[in-house]
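One structure is given below, encoded as structure tokens.
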Amino acid sequence: MRLALTGLGNMGMAHLEIFKSLQPQARICAVADSHVPFAERAAARLPGARVFHDPVDCVNSADVDAVVVATADDTHHDIVAAGIARGLFVLCEKPLTTSADQSLQLVNAERAAGRQLVQVGYMR
């Protein structure tokens with residue numbers, strides 16, 4: 001499975017280490033963080049991974065099968081929506097969104113896609 005990892009703070013880096021340990025079944029092909037030093041730090045641990053500074057751009061253009069969302073809470077909606085629109089599997093750290101309306105939008109988008117794509121994680 002080819003993964004994009006968005007959000008490379010503490011939780012994102014924890015995901016990075018977990019998924020690195022699952023190679024070759026899971027391979028991080030793209031990383032994204034709007035904070036450039038975080039993106040570069042992750043890229044140094046993943047030779048060959050594409051680096052993005054816009055998580056939505058990453059989801060829209062990276063050649064991946066799935067996305068891990070570990071960004072700031074208020075960014076989750078747009079990143080998850082982009083993943084659903086592309087038919088990608090999405091693991092989103094809690095919360096799914098910051099409002100019930102945004103969460104309902106994502107549930108409806110997933111239903112329209114015709115299959116389950118999104119899982120909300122709490123990995124502690």
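Chain identifiers are assigned as A, B, and so on, following the order in which chains appear in the structure tokens; residues are numbered from 1 within each chain, and ligands are numbered from 1 in order of appearance.
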
- Which of chain A fall in alpha helix (DSSP H), as a ChimeraX atom specification: /A:10-20,36-45,55-61,76-86,100-113

- Message: Taking 4 positions as the minimum chain separation for residues in the same chain, which residues sit within 9 Å of A:Leu96 when counting only C-alpha atoms? Answer as a list in words.
- Response: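 After dropping sequence-adjacent residues, the list is Asp73, His76, His77, Val80, Cys92, Gln102, Ser103, Leu106, Gln119, Val120 and Gly121 of chain A.
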
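Going from atom CA of A:Asn60 to atom CA of A:Arg86 covers 7.3 Å.
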
- Message: Which residue is closest to A:Ala113? Choose from A:Leu22, A:Pro95, A:Asp65, A:Ala81 and count only C-alpha atoms.
- Response: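 Checking each of A:Leu22, A:Pro95, A:Asp65, A:Ala81 against A:Ala113, counting only C-alpha atoms, the winner is A:Ala81.
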
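Across the structure, atom CA of A:Glu110 and atom CA of A:Arg2 are spaced 20.6 Å apart.
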
- Compile the contact shell of A:Leu3 as a ChimeraX atom specification: residues with an atom at most 8 Å away, counting only C-alpha atoms, same-chain residues fewer than 2 positions apart removed. /A:1,5,26-30,64-68

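Between atom CA of A:Asp74 and atom CA of A:Met11 there is a distance of 15.6 Å.
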
- Message: Under the rule that only C-alpha atoms are counted, which of A:Val31, A:Ala62, A:Val36, A:Val69 is the nearest residue to A:Lys94?
- Response: A:Val69

- With a distance cut-off of 8 Å and only C-alpha atoms, select the neighbouring residues of A:Gly7, excluding the residue or stretch itself and same-chain residues fewer than 5 positions from it, and output the selection as a count of residues only. 10

- Task: List every residue of chain A that DSSP, applied to the backbone of this structure, assigns to strand (DSSP E), and report them as a PyMOL selection string.
- Result: chain A and resi 2-6+27-32+50-52+66-69+89-93+118-121

- Message: Between A:Ile79, A:Glu93, A:Thr98, A:Gly87, which residue has the minimum interatomic distance to A:Cys58, considering only C-alpha atoms?
- Response: A:Ile79
